[in-house]
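What follows is the content of run04.csv (CSV, C-alpha atoms and all ligand atoms).
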chain,number,residue,atom,x,y,z
A,28,MET,CA,-5.9,164.2,116.2
A,29,GLU,CA,-8.8,161.9,117.0
A,30,ILE,CA,-8.3,158.1,117.4
A,31,ARG,CA,-11.3,155.7,117.7
A,32,ILE,CA,-10.7,152.7,119.8
A,33,LEU,CA,-12.6,149.6,119.1
A,34,ARG,CA,-12.8,146.6,121.4
A,35,GLY,CA,-13.0,142.9,120.4
A,36,ALA,CA,-16.7,142.6,121.0
A,37,GLU,CA,-17.3,145.7,118.9
A,38,VAL,CA,-15.2,144.4,116.0
A,39,ARG,CA,-17.1,141.1,116.2
A,40,ALA,CA,-20.5,142.8,116.0
A,41,LEU,CA,-19.4,145.0,113.1
A,42,LEU,CA,-17.7,142.3,111.0
A,43,PRO,CA,-20.1,139.5,110.4
A,44,MET,CA,-18.5,136.5,108.6
A,45,ALA,CA,-20.5,136.7,105.4
A,46,GLU,CA,-19.7,140.4,105.0
A,47,CYS,CA,-16.0,139.7,105.7
A,48,VAL,CA,-15.9,136.9,103.0
A,49,GLU,CA,-17.0,139.5,100.4
A,50,LEU,CA,-14.6,142.1,101.8
A,51,MET,CA,-11.8,139.5,101.4
A,52,ARG,CA,-12.9,138.9,97.8
A,53,ARG,CA,-12.3,142.6,97.1
A,54,THR,CA,-9.1,142.8,99.1
A,55,MET,CA,-7.4,139.7,97.7
A,56,ILE,CA,-8.2,140.9,94.2
A,57,ALA,CA,-6.7,144.3,95.0
A,58,VAL,CA,-3.6,142.5,96.3
A,59,SER,CA,-3.2,140.3,93.2
A,60,GLU,CA,-3.7,143.4,91.0
A,61,GLY,CA,-1.0,145.3,92.7
A,62,ARG,CA,-3.2,147.8,94.5
A,63,ALA,CA,-1.7,147.1,97.9
A,64,ARG,CA,1.8,147.0,99.5
A,65,VAL,CA,2.4,144.1,101.7
A,66,PRO,CA,6.0,143.9,102.9
A,67,LEU,CA,7.0,140.6,104.6
A,68,ARG,CA,6.2,140.7,108.3
A,69,SER,CA,9.0,140.8,110.8
A,70,VAL,CA,8.9,138.3,113.7
A,71,MET,CA,10.8,138.6,117.0
A,72,VAL,CA,11.1,135.3,118.8
A,73,MET,CA,11.4,135.5,122.6
A,74,PRO,CA,13.8,133.4,124.6
A,75,ASP,CA,12.9,130.0,125.9
A,76,ASP,CA,10.0,129.5,123.3
A,77,VAL,CA,7.8,131.8,125.4
A,78,GLY,CA,6.2,133.4,122.4
A,79,MET,CA,6.8,135.8,119.5
A,80,MET,CA,5.8,139.2,118.3
A,81,GLY,CA,4.9,140.0,114.7
A,82,ALA,CA,4.8,143.4,113.0
A,83,MET,CA,2.8,143.4,109.8
A,84,PRO,CA,2.7,146.8,108.0
A,85,GLY,CA,0.8,147.4,104.8
A,86,TYR,CA,-0.9,149.9,102.5
A,87,LEU,CA,-4.1,149.8,100.5
A,88,ALA,CA,-4.9,152.0,97.5
A,89,ASP,CA,-8.6,151.5,97.8
A,90,PRO,CA,-9.9,152.2,100.4
A,91,SER,CA,-6.9,154.5,100.8
A,92,CYS,CA,-5.2,153.7,104.1
A,93,PHE,CA,-2.2,152.2,105.7
A,94,GLY,CA,-1.2,150.8,109.0
A,95,ILE,CA,0.3,148.0,110.9
A,96,LYS,CA,-0.8,145.0,113.0
A,97,LEU,CA,1.2,144.3,116.1
A,98,VAL,CA,0.5,140.9,117.5
A,99,SER,CA,1.9,138.6,120.1
A,100,LEU,CA,1.7,134.9,119.7
A,101,PHE,CA,1.7,133.0,123.0
A,102,PRO,CA,0.8,129.3,122.4
A,103,ARG,CA,0.4,128.7,126.1
A,104,ASN,CA,-2.7,131.0,126.1
A,105,HIS,CA,-4.7,128.3,124.4
A,106,GLY,CA,-7.4,127.1,126.8
A,107,SER,CA,-7.0,130.1,129.1
A,108,GLN,CA,-9.1,133.3,129.1
A,109,PHE,CA,-6.5,134.8,126.8
A,110,SER,CA,-6.4,134.5,123.0
A,111,SER,CA,-3.1,133.1,121.7
A,112,HIS,CA,-2.9,136.1,119.3
A,113,LEU,CA,-3.2,139.4,121.2
A,114,GLY,CA,-2.5,142.8,119.8
A,115,LEU,CA,-3.6,145.9,118.0
A,116,VAL,CA,-4.3,147.0,114.5
A,117,LEU,CA,-3.3,150.6,114.0
A,118,LEU,CA,-5.0,152.3,111.0
A,119,PHE,CA,-3.7,155.5,109.4
A,120,GLU,CA,-5.2,157.9,106.9
A,121,THR,CA,-3.3,158.8,103.7
A,122,GLU,CA,-3.9,162.6,103.5
A,123,HIS,CA,-1.7,163.7,106.5
A,124,GLY,CA,-0.5,160.3,107.8
A,125,GLN,CA,-2.5,160.5,111.0
A,126,PRO,CA,-3.5,157.4,113.0
A,127,VAL,CA,-7.3,157.2,113.0
A,128,ALA,CA,-8.1,154.0,114.8
A,129,MET,CA,-6.8,151.3,117.1
A,130,LEU,CA,-8.7,148.0,117.0
A,131,ASP,CA,-8.4,144.7,118.8
A,132,ALA,CA,-6.3,142.4,116.7
A,133,ALA,CA,-7.4,139.1,118.1
A,134,GLU,CA,-10.9,139.4,116.7
A,135,ILE,CA,-9.8,140.8,113.4
A,136,THR,CA,-7.3,138.0,113.0
A,137,ALA,CA,-9.8,135.3,113.8
A,138,ILE,CA,-12.4,136.7,111.4
A,139,ARG,CA,-10.4,137.8,108.5
A,140,THR,CA,-8.3,134.6,108.3
A,141,ALA,CA,-11.4,132.4,108.2
A,142,ALA,CA,-13.1,134.8,105.8
A,143,ALA,CA,-10.2,134.5,103.4
A,144,SER,CA,-10.4,130.7,103.7
A,145,GLY,CA,-14.2,131.0,103.1
A,146,LEU,CA,-13.4,132.9,99.9
A,147,ALA,CA,-10.9,130.3,98.8
A,148,SER,CA,-13.3,127.5,99.5
A,149,ASP,CA,-16.0,129.3,97.6
A,150,LEU,CA,-13.7,129.5,94.6
A,151,LEU,CA,-11.9,126.2,94.8
A,152,ALA,CA,-14.1,123.6,96.6
A,153,ARG,CA,-16.5,121.5,94.5
A,154,PRO,CA,-19.9,123.2,94.2
A,155,ASP,CA,-21.4,120.2,96.1
A,156,ALA,CA,-18.8,120.1,98.8
A,157,GLY,CA,-20.4,119.9,102.3
A,158,ASP,CA,-18.5,117.2,104.3
A,159,LEU,CA,-16.3,119.3,106.5
A,160,ALA,CA,-13.3,118.2,108.7
A,161,ILE,CA,-11.6,120.7,111.0
A,162,LEU,CA,-8.3,119.7,112.5
A,163,GLY,CA,-7.6,121.8,115.7
A,164,ALA,CA,-10.2,123.2,118.1
A,165,GLY,CA,-9.0,126.7,119.0
A,166,GLU,CA,-10.1,130.1,117.9
A,167,GLN,CA,-9.3,129.6,114.2
A,168,ALA,CA,-11.3,126.3,114.3
A,169,GLN,CA,-14.3,128.3,115.6
A,170,SER,CA,-14.1,131.0,113.0
A,171,HIS,CA,-13.4,128.5,110.2
A,172,LEU,CA,-16.6,126.7,111.1
A,173,ALA,CA,-18.5,130.0,110.7
A,174,ALA,CA,-16.7,130.7,107.4
A,175,MET,CA,-17.4,127.3,105.9
A,176,LEU,CA,-21.1,127.6,106.9
A,177,ALA,CA,-21.1,131.0,105.2
A,178,VAL,CA,-20.0,129.5,101.8
A,179,ARG,CA,-21.5,126.0,101.6
A,180,PRO,CA,-24.5,124.1,103.1
A,181,LEU,CA,-22.7,121.5,105.3
A,182,ARG,CA,-24.1,118.0,105.5
A,183,ARG,CA,-21.5,116.6,107.9
A,184,ILE,CA,-19.0,118.3,110.3
A,185,ARG,CA,-16.2,116.4,112.0
A,186,ILE,CA,-13.7,117.9,114.5
A,187,TRP,CA,-10.3,116.4,115.6
A,188,THR,CA,-7.9,117.8,118.1
A,189,ARG,CA,-5.1,116.2,120.2
A,190,ASP,CA,-7.2,116.2,123.4
A,191,PRO,CA,-10.5,114.2,122.9
A,192,ALA,CA,-12.1,116.2,125.7
A,193,LYS,CA,-11.4,119.4,123.9
A,194,ALA,CA,-12.9,118.0,120.7
A,195,ALA,CA,-16.0,117.0,122.5
A,196,ALA,CA,-16.3,120.4,124.2
A,197,PHE,CA,-15.9,122.1,120.8
A,198,ALA,CA,-18.5,119.9,119.2
A,199,GLU,CA,-21.0,120.6,122.0
A,200,ALA,CA,-20.4,124.4,122.2
A,201,GLU,CA,-20.2,125.1,118.5
A,202,GLY,CA,-22.9,122.7,117.6
A,203,ALA,CA,-25.2,124.6,120.0
A,204,ARG,CA,-24.1,128.0,118.6
A,205,HIS,CA,-24.8,127.0,115.0
A,206,GLY,CA,-27.7,124.5,115.5
A,207,ALA,CA,-25.5,121.8,113.9
A,208,THR,CA,-24.4,118.3,114.7
A,209,ILE,CA,-20.6,118.1,115.1
A,210,GLU,CA,-18.8,114.8,115.5
A,211,PRO,CA,-15.7,114.7,117.7
A,212,ILE,CA,-13.3,112.2,116.0
A,213,ALA,CA,-10.4,110.4,117.7
A,214,THR,CA,-7.9,110.3,114.8
A,215,VAL,CA,-6.9,112.7,112.0
A,216,GLN,CA,-7.3,109.8,109.4
A,217,ALA,CA,-10.9,109.1,110.5
A,218,ALA,CA,-11.7,112.8,110.7
A,219,VAL,CA,-10.8,113.4,107.0
A,220,ALA,CA,-11.9,110.1,105.5
A,221,GLY,CA,-14.2,111.1,102.6
A,222,ALA,CA,-14.2,114.8,103.6
A,223,ASP,CA,-14.4,117.3,100.7
A,224,LEU,CA,-13.7,120.4,102.8
A,225,ILE,CA,-10.7,120.2,105.2
A,226,CYS,CA,-9.4,123.1,107.4
A,227,THR,CA,-6.1,122.6,109.2
A,228,VAL,CA,-5.9,125.1,112.0
A,229,THR,CA,-3.4,123.7,114.5
A,230,MET,CA,-0.1,124.8,116.0
A,231,ALA,CA,1.5,121.5,114.9
A,232,ARG,CA,5.2,121.7,114.2
A,233,GLU,CA,5.3,118.5,112.2
A,234,PRO,CA,2.7,117.1,109.7
A,235,ILE,CA,-0.4,115.8,111.3
A,236,LEU,CA,-2.2,115.2,107.9
A,237,LEU,CA,-0.9,112.8,105.3
A,238,GLY,CA,-1.8,113.0,101.6
A,239,GLU,CA,-2.8,109.3,101.5
A,240,TRP,CA,-5.7,110.0,103.8
A,241,VAL,CA,-7.2,112.8,101.7
A,242,ALA,CA,-10.0,111.8,99.2
A,243,PRO,CA,-10.0,112.9,95.6
A,244,GLY,CA,-11.9,116.1,95.1
A,245,ALA,CA,-11.2,117.6,98.5
A,246,HIS,CA,-10.4,121.2,99.1
A,247,LEU,CA,-8.0,122.1,101.9
A,248,ASN,CA,-7.5,125.4,103.7
A,249,VAL,CA,-4.0,125.0,105.3
A,250,VAL,CA,-3.9,127.8,107.9
A,251,GLY,CA,-2.1,126.8,111.0
A,252,SER,CA,1.6,126.5,111.6
A,253,SER,CA,2.2,129.7,109.7
A,254,ILE,CA,5.9,130.1,110.0
A,255,ALA,CA,8.7,128.7,107.9
A,256,SER,CA,9.9,126.1,110.4
A,257,THR,CA,6.6,124.3,110.9
A,258,ALA,CA,4.3,122.2,108.7
A,259,GLU,CA,0.8,120.7,109.2
A,260,ILE,CA,0.6,118.6,106.0
A,261,ASP,CA,3.1,116.3,104.4
A,262,THR,CA,5.1,116.8,101.2
A,263,PRO,CA,3.1,114.2,99.1
A,264,LEU,CA,-0.1,116.2,99.8
A,265,VAL,CA,1.5,119.5,98.7
A,266,ALA,CA,2.8,117.8,95.6
A,267,ARG,CA,-0.4,116.1,94.7
A,268,ALA,CA,-2.6,119.2,95.0
A,269,ARG,CA,-3.4,122.2,92.8
A,270,TYR,CA,-1.7,124.7,95.0
A,271,PHE,CA,-3.1,128.3,95.6
A,272,VAL,CA,-1.9,130.9,98.1
A,273,ASP,CA,-2.9,134.2,99.6
A,274,TYR,CA,0.3,136.0,98.6
A,275,ARG,CA,3.1,134.5,96.6
A,276,GLU,CA,6.0,136.4,98.2
A,277,SER,CA,5.1,135.4,101.7
A,278,THR,CA,4.6,131.8,100.5
A,279,VAL,CA,8.1,131.4,99.1
A,280,ASN,CA,9.6,132.9,102.2
A,281,GLU,CA,7.4,131.6,105.1
A,282,ALA,CA,5.2,128.6,104.2
A,283,GLY,CA,6.7,125.6,105.9
A,284,GLU,CA,4.9,122.9,103.9
A,285,TYR,CA,5.9,124.6,100.6
A,286,LEU,CA,9.5,125.1,101.7
A,287,ARG,CA,9.9,121.5,102.8
A,288,ALA,CA,8.4,120.2,99.5
A,289,VAL,CA,10.8,122.4,97.5
A,290,LYS,CA,13.8,121.2,99.6
A,291,ALA,CA,12.7,117.6,99.0
A,292,GLY,CA,12.7,118.2,95.3
A,293,ALA,CA,9.0,117.3,95.1
A,294,ILE,CA,7.9,120.6,93.6
A,295,THR,CA,9.4,123.8,92.1
A,296,PRO,CA,8.1,127.4,92.5
A,297,GLU,CA,5.8,126.8,89.5
A,298,HIS,CA,3.8,124.6,91.7
A,299,ILE,CA,2.2,127.8,93.1
A,300,LEU,CA,-0.6,128.1,90.5
A,301,ALA,CA,-2.0,131.4,91.6
A,302,GLU,CA,-2.8,133.8,94.3
A,303,ILE,CA,-6.4,133.5,95.4
A,304,GLY,CA,-7.1,137.1,94.2
A,305,ALA,CA,-6.2,136.0,90.6
A,306,VAL,CA,-8.7,133.2,90.8
A,307,ALA,CA,-11.3,135.6,92.2
A,308,ASN,CA,-10.8,138.1,89.4
A,309,GLY,CA,-11.0,135.3,86.8
A,310,THR,CA,-7.5,135.7,85.4
A,311,LYS,CA,-6.3,132.2,86.7
A,312,ALA,CA,-8.1,128.9,86.7
A,313,GLY,CA,-8.9,127.2,90.0
A,314,ARG,CA,-10.3,123.7,90.2
A,315,LEU,CA,-10.2,121.9,86.8
A,316,THR,CA,-12.0,118.6,87.6
A,317,GLY,CA,-14.2,117.2,90.4
A,318,GLU,CA,-11.3,114.8,91.2
A,319,ASP,CA,-8.7,117.6,91.8
A,320,VAL,CA,-7.3,118.1,95.3
A,321,THR,CA,-7.0,121.8,95.9
A,322,ILE,CA,-5.0,123.6,98.6
A,323,TYR,CA,-5.3,127.2,99.7
A,324,LYS,CA,-2.2,128.0,101.8
A,325,SER,CA,-2.9,130.8,104.2
A,326,LEU,CA,-0.2,132.8,105.9
A,327,GLY,CA,-2.2,136.0,106.5
A,328,ILE,CA,-1.3,139.4,105.2
A,329,ALA,CA,-1.7,142.9,106.5
A,330,ALA,CA,-4.0,143.9,103.6
A,331,GLN,CA,-6.6,141.6,105.2
A,332,ASP,CA,-6.2,143.3,108.6
A,333,LEU,CA,-6.3,146.9,107.2
A,334,ALA,CA,-9.3,146.2,104.9
A,335,SER,CA,-11.1,144.8,107.9
A,336,ALA,CA,-10.1,147.7,110.2
A,337,HIS,CA,-11.2,150.2,107.6
A,338,TYR,CA,-14.5,148.5,107.1
A,339,VAL,CA,-15.2,148.2,110.9
A,340,LEU,CA,-14.1,151.9,111.4
A,341,GLN,CA,-16.6,153.2,108.8
A,342,LYS,CA,-19.4,151.2,110.4
A,343,ALA,CA,-18.4,152.3,113.9
A,344,LYS,CA,-18.4,155.9,112.9
A,345,ALA,CA,-21.8,155.6,111.3
A,346,GLN,CA,-23.3,153.9,114.3
A,347,GLY,CA,-21.4,155.8,117.0
A,348,VAL,CA,-19.6,152.7,118.3
A,349,GLY,CA,-16.3,152.8,120.2
A,350,GLN,CA,-14.5,155.4,122.2
A,351,THR,CA,-12.7,158.4,120.7
A,352,VAL,CA,-9.6,159.9,122.2
A,353,ASP,CA,-8.1,163.3,121.3
A,354,PHE,CA,-4.4,163.1,121.0
A,401,LIG,P1,-5.4,128.4,119.5
A,401,LIG,O1,-4.3,128.5,120.5
A,401,LIG,O2,-6.7,128.9,119.8
A,401,LIG,O3,-5.5,126.8,119.1
A,401,LIG,C1,-4.4,126.0,118.8
A,401,LIG,C2,-4.8,124.7,118.4
A,401,LIG,O4,-3.7,124.0,117.9
A,401,LIG,C3,-5.5,123.8,119.5
A,401,LIG,O5,-6.5,123.1,118.9
A,401,LIG,C4,-4.3,122.9,119.8
A,401,LIG,O6,-4.7,121.6,120.2
A,401,LIG,C5,-3.6,122.7,118.5
A,401,LIG,N1,-2.2,122.3,118.7
A,401,LIG,C6,-1.3,122.9,119.4
A,401,LIG,N2,-0.1,122.2,119.2
A,401,LIG,C7,-0.4,121.2,118.4
A,401,LIG,C8,0.4,120.1,117.9
A,401,LIG,N3,1.7,120.0,118.2
A,401,LIG,N4,-0.2,119.2,117.1
A,401,LIG,C9,-1.5,119.3,116.8
A,401,LIG,N5,-2.3,120.3,117.3
A,401,LIG,C10,-1.7,121.2,118.1
A,401,LIG,O7,-4.8,129.0,118.1
A,401,LIG,P2,-5.5,129.6,116.9
A,401,LIG,O8,-6.7,128.8,116.6
A,401,LIG,O9,-5.7,131.1,117.1
A,401,LIG,O10,-4.4,129.4,115.8
A,401,LIG,C11,-4.2,128.1,115.2
A,401,LIG,C12,-3.0,128.2,114.2
A,401,LIG,O11,-3.4,129.1,113.2
A,401,LIG,C13,-1.7,128.7,114.8
A,401,LIG,O12,-0.7,128.0,114.3
A,401,LIG,C14,-1.6,130.1,114.3
A,401,LIG,O13,-0.3,130.6,114.2
A,401,LIG,C15,-2.3,130.0,112.9
A,401,LIG,N6,-2.9,131.3,112.4
A,401,LIG,C16,-2.8,131.5,111.1
A,401,LIG,C17,-3.2,132.7,110.6
A,401,LIG,C18,-3.2,132.9,109.1
A,401,LIG,O14,-3.5,134.0,108.7
A,401,LIG,N7,-2.8,131.9,108.3
A,401,LIG,C19,-3.8,133.7,111.4
A,401,LIG,C20,-3.9,133.3,112.8
A,401,LIG,C21,-3.5,132.1,113.3
A,401,LIG,P3,-5.4,121.2,121.6
A,401,LIG,O15,-6.8,121.7,121.5
A,401,LIG,O16,-5.3,119.7,121.6
A,401,LIG,O17,-4.5,121.8,122.7

Give the structure from this file in structure tokens form.
Amino acid sequence: MEIRILRGAEVRALLPMAECVELMRRTMIAVSEGRARVPLRSVMVMPDDVGMMGAMPGYLADPSCFGIKLVSLFPRNHGSQFSSHLGLVLLFETEHGQPVAMLDAAEITAIRTAAASGLASDLLARPDAGDLAILGAGEQAQSHLAAMLAVRPLRRIRIWTRDPAKAAAFAEAEGARHGATIEPIATVQAAVAGADLICTVTMAREPILLGEWVAPGAHLNVVGSSIASTAEIDTPLVARARYFVDYRESTVNEAGEYLRAVKAGAITPEHILAEIGAVANGTKAGRLTGEDVTIYKSLGIAAQDLASAHYVLQKAKAQGVGQTVDF
């Protein structure tokens, strides 16, 4: 039994953002057409709010594979040399059930999450959208900037995070990386004023973004705070938007903003208009008018991790990248 081990830098080199957006298009269509199995993840919370561990198993029919992502979430790692999401994606083949690869989960998570938001933005944002606001300045903020650049020409980029020094550092580093001007902004309200692409990628536990601040026509990728007890945006914003999700079953169980809005009586389950895969394959409508506010609620699913791992593994084999271990 031979297992290929792929480090974070190798994953990054083999999974460019634009390629991953197209991979997510195929993957999310497969999910919405029932060609994947994605059980709800299980989460173990550690005592004293230290962190948590998630186990996300899944199966894909095409490419035929299954596996699991095991990932720890340690919020205290933000700003240190460690990612806040550390772990492994273990990929198995479906002929004999052998594990075939073990990949760094931090890179896969950063890239596939943003790539799925890139797909959603491509499908739901106005064709002329190009005024981007990013709330949060961590790893997902970085990868979401790359994803938004992959799907729309951006004419303006604003960044907000709690600590103005971190917003300024992000603007400088990422502006240099992409050859773009990024404006650090002091308040959420000013950061989103007039924006037509908004990515919320924070660990906020209570809403930081209010619906009244969001301009008509905006598309939002609501990505952070991805557990049932937390919410980045308020109920009026959820209720006002045409609401799309990555996976309906995880939304109704795990999406904090959605659950709060249902509990408040502001929406019913019919408010979920479609999974993004059903918009991508043309069976469900996305944006109807230029004035619609659209939301893509991302929780992340194992199908995205497995498809990315399989894709990276095929390229790694062809290029002789990674280390192999005989078990
Ligand atoms: P990082 O640790 O790299 O960054 C966290 C960011 O959240 C920082 O900008 C930090 O702000 C900000 N933040 C922390 N607490 C608060 C708060 N109370 N209010 C406002 N901002 C806050 O994390 P990632 O970028 O990797 O992840 C960001 C979020 O995305 C997390 O909630 C994570 O669980 C979620 N996520 C979702 C995925 C999905 O598939 N939907 C996949 C992976 C992650 P500051 O800079 O000021 O410290």

Against ligand LIG 401 (chain A), which residues of chain A fall within 7 Å? For each one I want the closest pair of atoms and the distance in Å (one decimal), counting all atoms listed in the file, rows by chain and increasing residue number, as a Markdown table.
| residue | atom | partner | partner_atom | distance |
| --- | --- | --- | --- | --- |
| A:Pro102 | CA | A:LIG401 | O1 | 5.5 |
| A:Asn104 | CA | A:LIG401 | O1 | 6.3 |
| A:His105 | CA | A:LIG401 | O1 | 3.9 |
| A:Ser110 | CA | A:LIG401 | O2 | 6.5 |
| A:Ser111 | CA | A:LIG401 | O1 | 4.9 |
| A:His112 | CA | A:LIG401 | O9 | 6.1 |
| A:Thr136 | CA | A:LIG401 | C19 | 5.8 |
| A:Ala137 | CA | A:LIG401 | C20 | 6.3 |
| A:Thr140 | CA | A:LIG401 | O14 | 4.9 |
| A:Gly163 | CA | A:LIG401 | O5 | 3.6 |
| A:Ala164 | CA | A:LIG401 | O5 | 3.8 |
| A:Gly165 | CA | A:LIG401 | O2 | 3.3 |
| A:Glu166 | CA | A:LIG401 | O8 | 3.9 |
| A:Gln167 | CA | A:LIG401 | O8 | 3.6 |
| A:Ala168 | CA | A:LIG401 | O8 | 5.7 |
| A:Thr188 | CA | A:LIG401 | O16 | 4.8 |
| A:Arg189 | CA | A:LIG401 | O16 | 3.8 |
| A:Asp190 | CA | A:LIG401 | O16 | 4.4 |
| A:Lys193 | CA | A:LIG401 | O15 | 5.7 |
| A:Val228 | CA | A:LIG401 | C11 | 4.7 |
| A:Thr229 | CA | A:LIG401 | O4 | 3.4 |
| A:Met230 | CA | A:LIG401 | O12 | 3.7 |
| A:Ala231 | CA | A:LIG401 | C8 | 3.5 |
| A:Arg232 | CA | A:LIG401 | N3 | 5.6 |
| A:Ile235 | CA | A:LIG401 | C9 | 6.6 |
| A:Val250 | CA | A:LIG401 | N7 | 4.3 |
| A:Gly251 | CA | A:LIG401 | O11 | 3.4 |
| A:Ser252 | CA | A:LIG401 | O12 | 3.9 |
| A:Ser253 | CA | A:LIG401 | O13 | 5.2 |
| A:Ser325 | CA | A:LIG401 | N7 | 4.2 |
| A:Leu326 | CA | A:LIG401 | N7 | 3.7 |
| A:Gly327 | CA | A:LIG401 | O14 | 3.2 |
| A:Ile328 | CA | A:LIG401 | O14 | 6.8 |

Legend entry - Which residue of A:Met44, A:Ile184, A:Val352, A:Ala334 approaches Ala63 in chain A most closely, using all atoms listed in the file: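 Counting all atoms listed in the file, the residue closest to Ala63 in chain A is A:Ala334.
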
Inset, instruction - Would you kindly return, as a PyMOL selection string, each protein, DNA or RNA residue with an atom no farther than 8 Å from any atom of Ser69 in chain A, considering all atoms listed in the file and excluding same-chain residues fewer than 3 positions away? - result: chain A and resi 81-83

Legend entry - Protein, DNA and RNA residues within 10 Å of (-4.3, 168.9, 112.4), only C-alpha atoms, as a ChimeraX atom specification: /A:28-29,123,125

Residue subset to file, keeping C-alpha atoms, as a PDB file, in the frame of the given file:
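Done, and the output landed in selection_17.pdb:
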ATOM      1  CA  MET A  28      -5.900 164.200 116.200  1.00  0.00           C
ATOM      2  CA  GLU A  29      -8.800 161.900 117.000  1.00  0.00           C
ATOM      3  CA  HIS A 123      -1.700 163.700 106.500  1.00  0.00           C
ATOM      4  CA  GLN A 125      -2.500 160.500 111.000  1.00  0.00           C
TER       5      GLN A 125
END

Inset, instruction - Name all residues at most 7 Å from Asp131 in chain A (count all atoms listed in the file; drop same-chain ones fewer than 4 positions away) and give them as a ChimeraX atom specification. - result: /A:33-35,114-116,135

Inset, instruction - Point out the residue among A:Ile294, A:Ala268, A:Leu176, A:Cys92 with the least atom-to-atom distance to Glu120 in chain A, counting only C-alpha atoms. - result: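 Of A:Ile294, A:Ala268, A:Leu176, A:Cys92, the one nearest Glu120 in chain A is A:Cys92, counting only C-alpha atoms.
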
Legend entry - Selection near Leu264 in chain A, 9 Å with all atoms listed in the file, sequence-local residues under 2 positions removed, as a list in words: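 The filter keeps Leu236, Leu237, Gly238, Glu239, Val241, Ile260, Asp261, Thr262, Ala266, Arg267, Ala268, Val320 and Ile322 of chain A.
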
Selection export as a tab-separated table (two decimals), keeping the file's coordinate frame, atoms kept: C-alpha atoms:
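Dumped everything to out.tsv:
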chain	number	residue	atom	x	y	z
A	236	LEU	CA	-2.20	115.20	107.90
A	237	LEU	CA	-0.90	112.80	105.30
A	238	GLY	CA	-1.80	113.00	101.60
A	239	GLU	CA	-2.80	109.30	101.50
A	241	VAL	CA	-7.20	112.80	101.70
A	260	ILE	CA	0.60	118.60	106.00
A	261	ASP	CA	3.10	116.30	104.40
A	262	THR	CA	5.10	116.80	101.20
A	266	ALA	CA	2.80	117.80	95.60
A	267	ARG	CA	-0.40	116.10	94.70
A	268	ALA	CA	-2.60	119.20	95.00
A	320	VAL	CA	-7.30	118.10	95.30
A	322	ILE	CA	-5.00	123.60	98.60

Legend entry - Spatial neighbours of Phe197 in chain A, max dist 12 Å, only C-alpha atoms, sep filter under 5 positions, as a ChimeraX atom specification: /A:106,161-170,172,184-188,190-192,202-205,207-212

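Counting from CA of Phe93 in chain A, the distance to CA of Leu117 in chain A is 8.5 Å.
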
Inset, instruction - Select, from A:Leu41, A:Phe101, A:Ala174, A:His246, the residue with the minimum atom-to-atom distance to Gly347 in chain A, counting all atoms listed in the file. - result: A:Leu41

Inset, instruction - Could you check how far CA of Arg314 in chain A sits from CA of Asp332 in chain A, in Å to one decimal? - result: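 So the answer is 27.2 Å.
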
Inset, instruction - Would you mind reading off the distance between CA of Arg179 in chain A and CA of Ala152 in chain A, one decimal, in Å? - result: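 Pair CA of Arg179 in chain A / CA of Ala152 in chain A returns 9.2 Å.
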
Inset, instruction - Would you mind telling me which residue in A:Ala200, A:Gly206, A:Leu315, A:Ile138 lies nearest to Ala40 in chain A when using all atoms listed in the file? - result: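 Closest candidate: A:Ile138.
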
Inset, instruction - Might you pull out every residue within 6 Å of range 224-226 of chain A, with all atoms listed in the file counted and same-chain residues fewer than 6 positions away left off, and present them as a PyMOL selection string? - result: chain A and resi 158-161+245-248

Enumerate, in order of chain and increasing residue number, the residues of range 38-111 of chain A with an atom no farther than 8 Å from range 272-276 of chain A, each with its shortest atom pair and distance in Å to one decimal, counting all atoms listed in the file, as JSON lines.
{"residue": "A:Met55", "atom": "CA", "partner": "A:Asp273", "partner_atom": "CA", "distance": 7.4}
{"residue": "A:Val58", "atom": "CA", "partner": "A:Tyr274", "partner_atom": "CA", "distance": 7.9}
{"residue": "A:Ser59", "atom": "CA", "partner": "A:Tyr274", "partner_atom": "CA", "distance": 7.7}
{"residue": "A:Leu67", "atom": "CA", "partner": "A:Glu276", "partner_atom": "CA", "distance": 7.7}
